[in-house]
file work16.cif (mmCIF, C-alpha atoms)
data_run
#
loop_
_atom_site.label_atom_id
_atom_site.label_comp_id
_atom_site.auth_asym_id
_atom_site.auth_seq_id
_atom_site.Cartn_x
_atom_site.Cartn_y
_atom_site.Cartn_z
CA MET A 246 80.29 -6.20 -109.98
CA MET A 247 83.34 -6.72 -107.78
CA HIS A 248 85.23 -4.38 -110.06
CA SER A 249 82.63 -1.65 -109.71
CA LYS A 250 82.67 -1.94 -105.90
CA TRP A 251 86.45 -1.73 -105.92
CA ILE A 252 86.33 1.45 -107.97
CA GLU A 253 83.72 2.94 -105.69
CA THR A 254 85.88 2.25 -102.65
CA ILE A 255 88.91 3.86 -104.25
CA VAL A 256 86.88 6.89 -105.34
CA GLY A 257 85.56 7.18 -101.80
CA ALA A 258 89.12 7.11 -100.48
CA PHE A 259 90.12 9.74 -103.05
CA VAL A 260 87.32 12.08 -102.06
CA ALA A 261 88.15 11.55 -98.39
CA LEU A 262 91.80 12.31 -99.12
CA GLY A 263 90.91 15.50 -100.96
CA LEU A 264 88.61 16.69 -98.20
CA GLY A 265 91.26 15.71 -95.67
CA ALA A 266 93.81 17.85 -97.50
CA LEU A 267 91.36 20.74 -97.40
CA LEU A 268 90.93 20.14 -93.68
CA VAL A 269 94.70 20.17 -93.19
CA LEU A 270 94.90 23.45 -95.09
CA THR A 271 92.14 24.89 -92.95
CA LEU A 272 93.27 23.70 -89.55
CA ARG A 273 97.02 23.53 -89.86
CA ILE A 274 97.83 26.39 -92.19
CA SER A 275 95.17 29.04 -91.78
CA ASN A 276 94.33 30.97 -88.66
CA LEU A 277 90.92 29.38 -88.34
CA SER A 278 92.55 26.76 -86.16
CA LEU A 279 94.30 28.63 -83.42
CA ALA A 280 92.09 26.90 -80.96
CA GLY A 281 95.28 26.06 -79.11
CA PHE A 282 93.69 28.18 -76.45
CA GLY A 283 90.00 27.34 -76.41
CA ALA A 284 87.43 29.70 -74.99
CA ASP A 285 87.05 27.75 -71.74
CA SER A 286 90.70 27.41 -70.95
CA THR A 287 91.56 31.11 -71.15
CA TYR A 288 90.83 34.32 -69.35
CA GLU A 289 90.72 37.74 -70.88
CA ILE A 290 92.74 40.80 -69.92
CA ARG A 291 93.13 44.14 -71.60
CA ALA A 292 96.19 46.26 -72.20
CA MET A 293 96.14 49.92 -73.22
CA PHE A 294 98.90 51.05 -75.56
CA ASP A 295 99.68 54.48 -76.97
CA ASN A 296 100.83 52.80 -80.15
CA ILE A 297 100.68 49.13 -81.00
CA GLY A 298 102.78 49.38 -84.16
CA GLY A 299 102.35 46.32 -86.32
CA LEU A 300 100.68 44.13 -83.70
CA LYS A 301 98.01 41.91 -85.24
CA VAL A 302 95.13 39.83 -84.00
CA ARG A 303 96.50 36.40 -82.99
CA SER A 304 99.96 37.76 -82.30
CA PRO A 305 101.54 35.83 -79.44
CA VAL A 306 101.73 37.12 -75.88
CA LYS A 307 104.92 36.00 -74.17
CA MET A 308 106.37 35.94 -70.69
CA ALA A 309 110.09 35.29 -70.50
CA GLY A 310 109.87 34.17 -74.10
CA VAL A 311 107.20 31.56 -73.47
CA THR A 312 103.90 32.01 -75.29
CA VAL A 313 101.22 32.27 -72.61
CA GLY A 314 98.39 33.65 -74.71
CA ARG A 315 97.33 35.43 -77.85
CA VAL A 316 95.91 38.78 -78.87
CA ASN A 317 92.23 38.17 -79.46
CA ALA A 318 91.14 41.57 -80.70
CA ILE A 319 92.49 45.08 -81.09
CA GLU A 320 90.23 48.04 -80.51
CA PHE A 321 90.57 51.79 -80.41
CA ASP A 322 89.39 53.63 -77.33
CA SER A 323 88.08 56.95 -78.60
CA LYS A 324 88.02 58.53 -75.12
CA SER A 325 91.65 58.09 -74.22
CA TYR A 326 92.90 57.80 -77.81
CA THR A 327 94.72 54.60 -77.02
CA ALA A 328 94.74 51.18 -78.59
CA VAL A 329 93.23 48.40 -76.49
CA ALA A 330 94.63 44.93 -77.03
CA ILE A 331 92.29 42.23 -75.75
CA ILE A 332 94.44 39.31 -74.71
CA GLN A 333 93.49 35.71 -74.04
CA ILE A 334 95.79 34.13 -71.47
CA ASP A 335 95.86 30.40 -70.94
CA LYS A 336 94.27 29.44 -67.58
CA GLN A 337 97.33 27.53 -66.46
CA TYR A 338 99.21 30.84 -66.22
CA ASN A 339 96.93 32.34 -63.59
CA GLN A 340 99.60 33.79 -61.35
CA ILE A 341 100.48 36.97 -63.21
CA PRO A 342 100.86 39.92 -60.79
CA THR A 343 98.48 42.86 -61.22
CA ASP A 344 101.31 45.36 -61.69
CA THR A 345 102.68 43.46 -64.68
CA GLY A 346 103.91 45.63 -67.53
CA ALA A 347 103.27 44.98 -71.21
CA ASN A 348 105.60 45.91 -74.07
CA VAL A 349 105.26 45.49 -77.80
CA TYR A 350 108.43 43.96 -79.14
CA THR A 351 109.57 42.75 -82.53
CA ALA A 352 111.09 39.32 -83.06
CA GLY A 353 114.21 40.09 -85.05
CA LEU A 354 114.58 42.99 -87.43
CA LEU A 355 111.80 41.98 -89.81
CA GLY A 356 110.01 39.49 -87.62
CA GLU A 357 106.51 39.54 -86.26
CA GLN A 358 105.49 41.75 -83.36
CA TYR A 359 104.38 40.33 -80.05
CA ILE A 360 103.42 41.46 -76.58
CA SER A 361 105.91 40.74 -73.86
CA LEU A 362 104.66 40.72 -70.27
CA ALA A 363 107.15 41.76 -67.59
CA PRO A 364 105.93 40.50 -64.20
CA GLY A 365 105.67 42.97 -61.34
CA GLY A 366 106.02 42.32 -57.62
CA SER A 367 102.42 42.44 -56.48
CA GLU A 368 100.94 39.68 -54.33
CA GLU A 369 97.66 39.87 -56.20
CA PHE A 370 97.16 38.21 -59.52
CA LEU A 371 95.40 39.32 -62.70
CA LYS A 372 91.87 38.04 -63.20
CA GLY A 373 89.60 38.00 -66.21
CA GLY A 374 88.63 41.51 -67.27
CA ASP A 375 91.56 43.27 -65.60
CA VAL A 376 93.39 46.04 -67.42
CA ILE A 377 97.12 46.53 -67.75
CA THR A 378 98.00 50.21 -67.94
CA ASP A 379 101.75 49.99 -67.35
CA THR A 380 102.57 49.59 -71.02
CA GLN A 381 105.29 50.61 -73.40
CA SER A 382 104.46 51.34 -77.02
CA ALA A 383 105.85 49.64 -80.04
CA VAL A 384 109.05 51.14 -81.32
CA VAL A 385 108.32 52.94 -84.55
CA PHE A 386 111.39 52.78 -86.68
CA GLU A 387 110.99 56.23 -88.18
CA GLN A 388 110.85 57.78 -84.70
CA VAL A 389 114.05 56.05 -83.68
CA ILE A 390 115.84 57.20 -86.80
CA GLY A 391 114.41 60.69 -86.38
CA GLN A 392 115.59 60.91 -82.78
CA PHE A 393 119.00 59.59 -83.74
CA LEU A 394 119.40 62.12 -86.53
CA TYR A 395 118.15 64.92 -84.29
CA GLY A 396 120.62 63.94 -81.62
CA LYS A 397 123.45 63.86 -84.12
CA ALA A 398 122.49 67.24 -85.47
CA ALA A 399 122.35 68.71 -81.98
CA GLU A 400 125.77 67.24 -81.20
CA SER A 401 127.56 68.51 -84.28
CA GLY A 402 125.63 71.77 -84.71
CA GLY A 403 127.30 73.39 -81.68
CA ASP A 404 125.34 74.59 -78.65
CA LYS A 405 123.00 76.86 -80.56
CA ASP A 406 119.79 75.18 -79.49
CA SER A 407 120.85 73.10 -76.54
CA LYS A 408 119.79 75.59 -73.90
CA GLU A 409 117.73 73.23 -71.86
CA MET B 288 92.63 41.12 -150.29
CA SER B 289 92.93 37.39 -149.90
CA ALA B 290 94.85 37.88 -146.64
CA LEU B 291 91.99 39.97 -145.33
CA ARG B 292 89.56 37.27 -146.33
CA ALA B 293 91.63 34.61 -144.57
CA LEU B 294 91.62 36.74 -141.43
CA GLY B 295 87.87 37.12 -141.66
CA ARG B 296 87.41 33.40 -142.15
CA ALA B 297 89.63 32.64 -139.15
CA GLY B 298 87.69 35.10 -137.02
CA LEU B 299 84.35 33.68 -138.08
CA SER B 300 85.40 30.09 -137.44
CA PHE B 301 86.74 31.12 -134.03
CA PHE B 302 83.42 32.61 -133.04
CA GLU B 303 81.54 29.72 -134.56
CA ARG B 304 83.50 27.27 -132.41
CA LEU B 305 83.01 29.46 -129.37
CA GLY B 306 79.26 29.48 -129.97
CA ARG B 307 79.16 25.76 -130.57
CA GLY B 308 81.10 25.23 -127.36
CA HIS B 309 78.52 27.17 -125.37
CA ILE B 310 75.55 25.40 -126.96
CA PHE B 311 77.33 22.10 -126.28
CA LEU B 312 77.81 23.09 -122.63
CA LEU B 313 74.16 24.06 -122.33
CA TYR B 314 72.94 20.70 -123.67
CA THR B 315 75.42 18.83 -121.45
CA LEU B 316 74.26 20.68 -118.37
CA GLY B 317 70.77 19.43 -119.18
CA GLY B 318 72.14 15.93 -118.59
CA LEU B 319 73.53 16.64 -115.13
CA PRO B 320 70.43 15.63 -113.13
CA ALA B 321 70.34 12.28 -114.92
CA THR B 322 74.05 11.86 -114.12
CA LEU B 323 73.44 12.39 -110.44
CA TYR B 324 70.73 9.75 -110.63
CA ARG B 325 73.08 7.25 -112.28
CA TRP B 326 75.99 7.99 -110.01
CA ARG B 327 77.90 4.82 -110.96
CA LEU B 328 78.80 6.51 -114.24
CA LEU B 329 80.13 9.37 -112.18
CA THR B 330 82.25 7.30 -109.81
CA SER B 331 84.01 5.49 -112.63
CA GLN B 332 84.84 8.87 -114.19
CA VAL B 333 86.04 10.34 -110.89
CA PHE B 334 88.28 7.30 -110.70
CA ALA B 335 89.65 7.82 -114.21
CA LEU B 336 90.13 11.58 -113.88
CA GLY B 337 90.84 12.07 -110.19
CA VAL B 338 92.33 8.96 -108.67
CA LEU B 339 94.61 8.22 -111.61
CA SER B 340 95.91 11.82 -111.55
CA LEU B 341 96.72 11.52 -107.87
CA VAL B 342 100.29 10.29 -108.22
CA ILE B 343 101.49 13.02 -110.55
CA ILE B 344 99.70 15.68 -108.50
CA ALA B 345 101.14 14.48 -105.20
CA VAL B 346 104.69 14.06 -106.50
CA SER B 347 104.64 17.45 -108.26
CA GLY B 348 103.24 19.08 -105.14
CA LEU B 349 105.97 17.56 -103.01
CA PHE B 350 108.76 18.73 -105.28
CA VAL B 351 107.29 22.19 -105.88
CA GLY B 352 107.04 22.63 -102.11
CA MET B 353 110.58 21.38 -101.57
CA VAL B 354 112.02 23.69 -104.23
CA LEU B 355 110.06 26.62 -102.82
CA GLY B 356 111.45 25.81 -99.37
CA LEU B 357 115.01 25.69 -100.67
CA GLN B 358 114.81 28.84 -102.80
CA GLY B 359 112.80 30.77 -100.23
CA TYR B 360 115.25 29.88 -97.49
CA ASN B 361 118.28 30.95 -99.54
CA THR B 362 116.73 34.35 -100.16
CA LEU B 363 115.17 34.94 -96.75
CA VAL B 364 118.23 33.91 -94.76
CA ASP B 365 120.09 36.96 -96.12
CA PHE B 366 117.60 39.16 -94.27
CA GLY B 367 117.53 37.02 -91.16
CA ALA B 368 113.85 36.38 -91.85
CA GLU B 369 113.95 32.65 -92.56
CA GLU B 370 111.07 32.18 -90.10
CA SER B 371 108.86 33.76 -92.75
CA LEU B 372 109.45 30.72 -94.93
CA GLY B 373 106.15 29.26 -93.74
CA ILE B 374 104.24 32.33 -94.93
CA LEU B 375 105.98 32.29 -98.29
CA LEU B 376 105.27 28.61 -98.79
CA ALA B 377 101.67 28.59 -97.68
CA LEU B 378 100.58 31.75 -99.46
CA SER B 379 102.24 30.95 -102.76
CA LEU B 380 100.93 27.38 -102.72
CA VAL B 381 97.39 28.04 -101.54
CA ARG B 382 96.81 31.17 -103.61
CA GLU B 383 98.60 30.44 -106.87
CA LEU B 384 100.70 27.36 -107.37
CA GLY B 385 98.24 24.85 -105.96
CA PRO B 386 95.29 25.73 -108.21
CA VAL B 387 97.33 26.71 -111.28
CA VAL B 388 99.96 23.98 -111.43
CA SER B 389 97.51 21.22 -110.58
CA ALA B 390 95.14 22.54 -113.27
CA LEU B 391 97.97 22.49 -115.82
CA LEU B 392 98.89 18.95 -114.80
CA PHE B 393 95.23 17.97 -114.85
CA ALA B 394 94.91 19.32 -118.40
CA GLY B 395 97.92 17.29 -119.49
CA ARG B 396 97.08 14.13 -117.61
CA ALA B 397 93.28 13.93 -117.65
CA GLY B 398 92.12 16.50 -120.20
CA SER B 399 94.08 15.00 -123.06
CA ALA B 400 92.81 11.52 -122.17
CA LEU B 401 89.22 12.79 -122.15
CA THR B 402 89.59 14.37 -125.57
CA ALA B 403 91.21 11.29 -127.07
CA GLU B 404 88.55 8.99 -125.59
CA ILE B 405 85.55 11.00 -126.76
CA GLY B 406 87.25 11.77 -130.07
CA LEU B 407 87.80 8.08 -130.76
CA MET B 408 84.22 7.35 -129.76
CA LYS B 409 83.10 9.85 -132.35
CA THR B 410 85.53 8.63 -135.01
CA THR B 411 84.45 5.01 -134.61
CA GLU B 412 80.82 6.18 -134.69
CA GLN B 413 80.00 4.96 -131.20
CA LEU B 414 78.34 8.27 -130.45
CA ALA B 415 76.27 8.02 -133.62
CA ALA B 416 75.29 4.47 -132.63
CA MET B 417 74.09 5.75 -129.26
CA GLU B 418 71.96 8.35 -130.95
CA MET B 419 70.47 5.60 -133.12
CA MET B 420 69.39 3.86 -129.91
CA ALA B 421 67.82 7.11 -128.68
CA VAL B 422 70.54 7.49 -126.03
CA ASP B 423 71.80 11.04 -125.91
CA PRO B 424 75.62 10.82 -125.90
CA LEU B 425 75.82 14.29 -124.36
CA HIS B 426 73.93 12.99 -121.34
CA ARG B 427 75.35 9.46 -121.24
CA VAL B 428 79.01 10.11 -122.13
CA VAL B 429 79.85 13.79 -121.78
CA ALA B 430 77.88 14.91 -118.71
CA PRO B 431 79.41 12.41 -116.23
CA ARG B 432 82.91 13.28 -117.46
CA LEU B 433 82.29 17.00 -117.15
CA LEU B 434 80.91 16.67 -113.64
CA ALA B 435 83.69 14.31 -112.56
CA GLY B 436 86.35 16.74 -113.78
CA ILE B 437 84.72 19.66 -111.99
CA LEU B 438 84.51 17.65 -108.76
CA ALA B 439 88.01 16.20 -108.94
CA MET B 440 89.89 19.43 -109.65
CA PRO B 441 89.41 21.23 -106.28
CA LEU B 442 90.26 18.01 -104.43
CA LEU B 443 93.45 17.56 -106.45
CA ALA B 444 94.43 21.20 -105.91
CA ALA B 445 93.89 20.86 -102.16
CA ILE B 446 96.04 17.72 -102.09
CA PHE B 447 98.72 19.52 -104.12
CA SER B 448 98.83 22.46 -101.70
CA ALA B 449 98.83 20.31 -98.57
CA VAL B 450 101.56 18.01 -99.85
CA GLY B 451 103.54 21.04 -101.03
CA VAL B 452 103.43 22.70 -97.62
CA TYR B 453 104.69 19.51 -96.01
CA GLY B 454 107.43 19.23 -98.67
CA GLY B 455 108.55 22.75 -97.82
CA TYR B 456 108.30 21.95 -94.14
CA PHE B 457 110.52 18.93 -94.66
CA VAL B 458 113.21 20.98 -96.42
CA GLY B 459 112.92 24.14 -94.32
CA VAL B 460 112.50 22.69 -90.85
CA GLY B 461 113.94 19.22 -91.34
CA LEU B 462 117.02 19.93 -93.43
CA LEU B 463 117.78 23.65 -93.13
CA GLY B 464 116.90 24.14 -89.47
CA VAL B 465 114.15 26.77 -89.51
CA ASP B 466 112.45 26.91 -86.13
CA GLU B 467 109.41 24.66 -86.24
CA GLY B 468 107.15 26.72 -83.98
CA ALA B 469 107.86 29.96 -85.85
CA PHE B 470 107.33 28.18 -89.17
CA TRP B 471 103.79 27.13 -88.28
CA SER B 472 102.75 30.08 -86.14
CA GLN B 473 103.82 32.71 -88.67
CA MET B 474 102.08 30.71 -91.37
CA GLN B 475 98.91 30.53 -89.33
CA SER B 476 98.92 34.22 -88.50
CA ALA B 477 99.40 35.20 -92.14
CA VAL B 478 97.09 32.79 -93.95
CA ASP B 479 93.43 33.63 -93.74
CA PHE B 480 90.73 31.03 -94.25
CA HIS B 481 88.40 33.19 -96.33
CA ASP B 482 90.86 35.33 -98.23
CA ASP B 483 93.39 32.67 -99.06
CA ILE B 484 92.13 29.12 -98.74
CA LEU B 485 88.55 29.67 -99.87
CA ASN B 486 89.68 31.80 -102.79
CA GLY B 487 92.15 29.08 -103.77
CA VAL B 488 89.33 26.54 -103.77
CA ILE B 489 87.15 28.84 -105.88
CA LYS B 490 90.03 29.24 -108.32
CA SER B 491 90.57 25.51 -108.70
CA PHE B 492 86.82 25.03 -109.12
CA VAL B 493 86.77 27.54 -112.00
CA PHE B 494 89.85 25.92 -113.53
CA GLY B 495 88.17 22.53 -113.26
CA ILE B 496 85.17 23.81 -115.21
CA ALA B 497 87.39 25.42 -117.87
CA VAL B 498 89.75 22.49 -118.39
CA THR B 499 87.08 19.78 -118.45
CA TRP B 500 84.75 21.79 -120.63
CA ILE B 501 87.49 22.43 -123.20
CA ALA B 502 88.56 18.76 -123.08
CA VAL B 503 85.11 17.25 -123.64
CA PHE B 504 84.20 19.85 -126.27
CA GLU B 505 87.39 19.31 -128.26
CA GLY B 506 86.76 15.57 -128.14
CA TYR B 507 83.16 15.94 -129.25
CA ASP B 508 84.04 18.45 -131.95
CA THR B 509 86.98 16.51 -133.37
CA ALA B 510 87.35 15.83 -137.07
CA PRO B 511 86.65 12.06 -137.33
CA THR B 512 90.10 11.02 -138.50
CA SER B 513 93.26 9.94 -136.70
CA ALA B 514 94.88 13.27 -137.56
CA GLY B 515 91.76 14.99 -136.23
CA ILE B 516 92.06 13.24 -132.86
CA SER B 517 95.72 14.18 -132.65
CA ARG B 518 94.91 17.84 -133.42
CA ALA B 519 92.05 17.87 -130.92
CA THR B 520 94.22 16.44 -128.15
CA THR B 521 96.92 19.02 -128.78
CA ARG B 522 94.34 21.79 -128.85
CA THR B 523 92.92 20.61 -125.52
CA VAL B 524 96.26 20.85 -123.76
CA VAL B 525 97.23 24.18 -125.34
CA ASN B 526 93.85 25.87 -125.02
CA SER B 527 93.10 24.72 -121.52
CA SER B 528 96.58 25.73 -120.31
CA LEU B 529 96.11 29.18 -121.82
CA ALA B 530 92.61 29.40 -120.38
CA VAL B 531 93.89 28.49 -116.90
CA LEU B 532 96.65 31.09 -117.00
CA GLY B 533 94.35 33.80 -118.35
CA LEU B 534 91.57 33.02 -115.88
CA ASP B 535 94.12 32.96 -113.08
CA PHE B 536 95.12 36.53 -113.84
CA VAL B 537 91.50 37.68 -113.93
CA LEU B 538 90.59 35.83 -110.72
CA THR B 539 93.69 37.08 -108.91
CA ALA B 540 92.88 40.65 -109.92
CA LEU B 541 89.33 40.21 -108.63
CA MET B 542 90.21 38.40 -105.40
CA PHE B 543 93.41 39.97 -104.11
CA ASP B 544 93.11 43.64 -104.95
#
call {"tool": "encode", "arguments": {"input": "work16.cif", "output": "structure tokens"}}
result
Amino acid sequence: MMHSKWIETIVGAFVALGLGALLVLTLRISNLSLAGFGADSTYEIRAMFDNIGGLKVRSPVKMAGVTVGRVNAIEFDSKSYTAVAIIQIDKQYNQIPTDTGANVYTAGLLGEQYISLAPGGSEEFLKGGDVITDTQSAVVFEQVIGQFLYGKAAESGGDKDSKE
Amino acid sequence: MSALRALGRAGLSFFERLGRGHIFLLYTLGGLPATLYRWRLLTSQVFALGVLSLVIIAVSGLFVGMVLGLQGYNTLVDFGAEESLGILLALSLVRELGPVVSALLFAGRAGSALTAEIGLMKTTEQLAAMEMMAVDPLHRVVAPRLLAGILAMPLLAAIFSAVGVYGGYFVGVGLLGVDEGAFWSQMQSAVDFHDDILNGVIKSFVFGIAVTWIAVFEGYDTAPTSAGISRATTRTVVNSSLAVLGLDFVLTALMFD
């Protein structure tokens, strides 16, 4: 009888361990967790971009390199043909000027893309529901290469088409 | 002519075994309600199949994760993308290596033991003795083992993946100096709960059914001699490993298209 109880206890511990491992996988590894910023402790702002490049939901939003929030959703505005990034900012960073600019940058050459906020000089601060319009699109690599090649061609190809 | 006949005989016996395996499974499933009622039979089998496999699963998971961390780092650092190590680790462990490797280990560690145990029971006529006492050995012996294997497999696979990720974390962040925040945050942004983790659990569940079914059937179907037990045990390990790898391809094609 003691033996059977002992086995039951160990089996219980085993099942708990297995479920715990599943919990670790869910909370620590997958994106189900990112409750780092809960719904109560954040406020929501929007930023309109002409092109968001490879920005994804849950990409970080940084100011001076510090993560202050995350992208909560990405929508397409069919009136202005722009992408709208809905951003959750942590409440403790509640002194972001209203004329703040937003850029989509890439961490490293192959790294993830994130939104960088560049603070403006306004005395008023962003509140929940405000919209950032002073934005700069993601750099699309093909465009950069295309511009570079075009510039090179214009340089070396004489002044045939450089009238303007 | 005789070669053709041998081929035909082999084909027939293959299908005969396949059919017997399914009928066997059907009868065993009939015993599952009774097993749930007598759950002490189940706990002792979960102990034998799950708890005793824990050490090999955890140690293998740790080393697989550490090797993945080392190899992944060496490749990724050439591209300056060593922060992606977390994604590489988590996706390969949760999607593939966790379910597959732990199922292969489970087949070797627990499946072979199941076959040998049931095979010896049959050889020493313990199963026949049970039938004489009007106890159905499929319900009393096989059903708890089948259920225990099916329950233990997803838990073992989850432990394997979790330990593996921490093994890779130890090598990547602890020894090689990958940035800790980027390691976790990139992992979290790339791994999806439904697409990756839930599908991994479904995979290991299917593998658990396949491995345990093959193991108990081979044991029950063994030729009642010592050579027969040896053949049955070998067949369990070989067949269930092949079944796991084949099923993995099918499931991957269905899940991650």
call {"tool": "closest_residue", "arguments": {"input": "work16.cif", "among": "B:Gly506, B:Gly367, B:Gly295, B:Gly359", "to": "chain A", "atoms": "only C-alpha atoms"}}
result
B:Gly367
call {"tool": "atom_distance", "arguments": {"input": "work16.cif", "atom1": "atom CA of Ala290 of chain B", "atom2": "atom CA of Phe302 of chain B"}}
result
18.5 Å
call {"tool": "resolve_selection", "arguments": {"input": "work16.cif", "expression": "the PyMOL selection byres ((chain A) within 10 of (chain B))", "output": "ChimeraX atom specification"}}
result
/A:249-250,252-279,301-305,352-357
call {"tool": "atom_distance", "arguments": {"input": "work16.cif", "atom1": "atom CA of Gln392 of chain A", "atom2": "atom CA of Thr378 of chain A"}}
result
25.4 Å
call {"tool": "resolve_selection", "arguments": {"input": "work16.cif", "expression": "the PyMOL selection byres ((chain A and resi 349) around 6)", "output": "compact mmCIF listing (two decimals) with C-alpha atoms, keeping the file's coordinate frame"}}
result
# COMPACT_ATOMS: atom_id res chain seq x y z
CA ASN A 348 105.60 45.91 -74.07
CA TYR A 350 108.43 43.96 -79.14
CA TYR A 359 104.38 40.33 -80.05
CA ILE A 360 103.42 41.46 -76.58
CA SER A 382 104.46 51.34 -77.02
CA ALA A 383 105.85 49.64 -80.04
call {"tool": "closest_residue", "arguments": {"input": "work16.cif", "among": "A:Phe393, A:Tyr326, A:Tyr338, A:Phe294", "to": "Val311 of chain A", "atoms": "all atoms listed in the file"}}
result
A:Tyr338
call {"tool": "atom_distance", "arguments": {"input": "work16.cif", "atom1": "atom CA of Asp466 of chain B", "atom2": "atom CA of Gln333 of chain A"}}
result
24.1 Å
call {"tool": "resolve_selection", "arguments": {"input": "work16.cif", "expression": "the PyMOL selection byres ((chain A and resi 362-375) around 12)", "output": "VMD selection string"}}
result
chain A and resid 285 to 293 305 to 315 330 to 336 338 to 350 359 to 361 376 to 381
call {"tool": "build_atoms", "arguments": {"input": "work16.cif", "residues": "segment 298-314 of chain B", "atoms": "N, CA and C atoms", "output": "PDB file, in the frame of the given file"}}
result
ATOM      1  N   GLY B 298      88.478  34.501-138.081  1.00  0.00           N
ATOM      2  CA  GLY B 298      87.690  35.100-137.020  1.00  0.00           C
ATOM      3  C   GLY B 298      86.314  34.468-136.926  1.00  0.00           C
ATOM      4  N   LEU B 299      85.689  34.275-138.077  1.00  0.00           N
ATOM      5  CA  LEU B 299      84.350  33.680-138.080  1.00  0.00           C
ATOM      6  C   LEU B 299      84.374  32.270-137.502  1.00  0.00           C
ATOM      7  N   SER B 300      85.374  31.485-137.923  1.00  0.00           N
ATOM      8  CA  SER B 300      85.400  30.090-137.440  1.00  0.00           C
ATOM      9  C   SER B 300      85.691  30.058-135.947  1.00  0.00           C
ATOM     10  N   PHE B 301      86.479  31.052-135.469  1.00  0.00           N
ATOM     11  CA  PHE B 301      86.740  31.120-134.030  1.00  0.00           C
ATOM     12  C   PHE B 301      85.431  31.344-133.269  1.00  0.00           C
ATOM     13  N   PHE B 302      84.659  32.313-133.744  1.00  0.00           N
ATOM     14  CA  PHE B 302      83.420  32.610-133.040  1.00  0.00           C
ATOM     15  C   PHE B 302      82.404  31.497-133.197  1.00  0.00           C
ATOM     16  N   GLU B 303      82.459  30.832-134.358  1.00  0.00           N
ATOM     17  CA  GLU B 303      81.540  29.720-134.560  1.00  0.00           C
ATOM     18  C   GLU B 303      81.827  28.600-133.554  1.00  0.00           C
ATOM     19  N   ARG B 304      83.131  28.319-133.383  1.00  0.00           N
ATOM     20  CA  ARG B 304      83.500  27.270-132.410  1.00  0.00           C
ATOM     21  C   ARG B 304      83.125  27.676-130.994  1.00  0.00           C
ATOM     22  N   LEU B 305      83.343  28.964-130.701  1.00  0.00           N
ATOM     23  CA  LEU B 305      83.010  29.460-129.370  1.00  0.00           C
ATOM     24  C   LEU B 305      81.514  29.264-129.111  1.00  0.00           C
ATOM     25  N   GLY B 306      80.709  29.632-130.120  1.00  0.00           N
ATOM     26  CA  GLY B 306      79.260  29.480-129.970  1.00  0.00           C
ATOM     27  C   GLY B 306      78.869  28.027-129.825  1.00  0.00           C
ATOM     28  N   ARG B 307      79.484  27.180-130.669  1.00  0.00           N
ATOM     29  CA  ARG B 307      79.160  25.760-130.570  1.00  0.00           C
ATOM     30  C   ARG B 307      79.538  25.201-129.208  1.00  0.00           C
ATOM     31  N   GLY B 308      80.676  25.672-128.679  1.00  0.00           N
ATOM     32  CA  GLY B 308      81.100  25.230-127.360  1.00  0.00           C
ATOM     33  C   GLY B 308      80.077  25.571-126.299  1.00  0.00           C
ATOM     34  N   HIS B 309      79.487  26.776-126.385  1.00  0.00           N
ATOM     35  CA  HIS B 309      78.520  27.170-125.370  1.00  0.00           C
ATOM     36  C   HIS B 309      77.213  26.393-125.510  1.00  0.00           C
ATOM     37  N   ILE B 310      76.779  26.184-126.768  1.00  0.00           N
ATOM     38  CA  ILE B 310      75.550  25.400-126.960  1.00  0.00           C
ATOM     39  C   ILE B 310      75.757  23.973-126.438  1.00  0.00           C
ATOM     40  N   PHE B 311      76.945  23.440-126.746  1.00  0.00           N
ATOM     41  CA  PHE B 311      77.330  22.100-126.280  1.00  0.00           C
ATOM     42  C   PHE B 311      77.268  22.028-124.755  1.00  0.00           C
ATOM     43  N   LEU B 312      77.812  23.070-124.096  1.00  0.00           N
ATOM     44  CA  LEU B 312      77.810  23.090-122.630  1.00  0.00           C
ATOM     45  C   LEU B 312      76.373  23.120-122.108  1.00  0.00           C
ATOM     46  N   LEU B 313      75.548  23.924-122.755  1.00  0.00           N
ATOM     47  CA  LEU B 313      74.160  24.060-122.330  1.00  0.00           C
ATOM     48  C   LEU B 313      73.440  22.717-122.389  1.00  0.00           C
ATOM     49  N   TYR B 314      73.597  22.000-123.521  1.00  0.00           N
ATOM     50  CA  TYR B 314      72.940  20.700-123.670  1.00  0.00           C
ATOM     51  C   TYR B 314      73.478  19.705-122.644  1.00  0.00           C
TER      52      TYR B 314
END
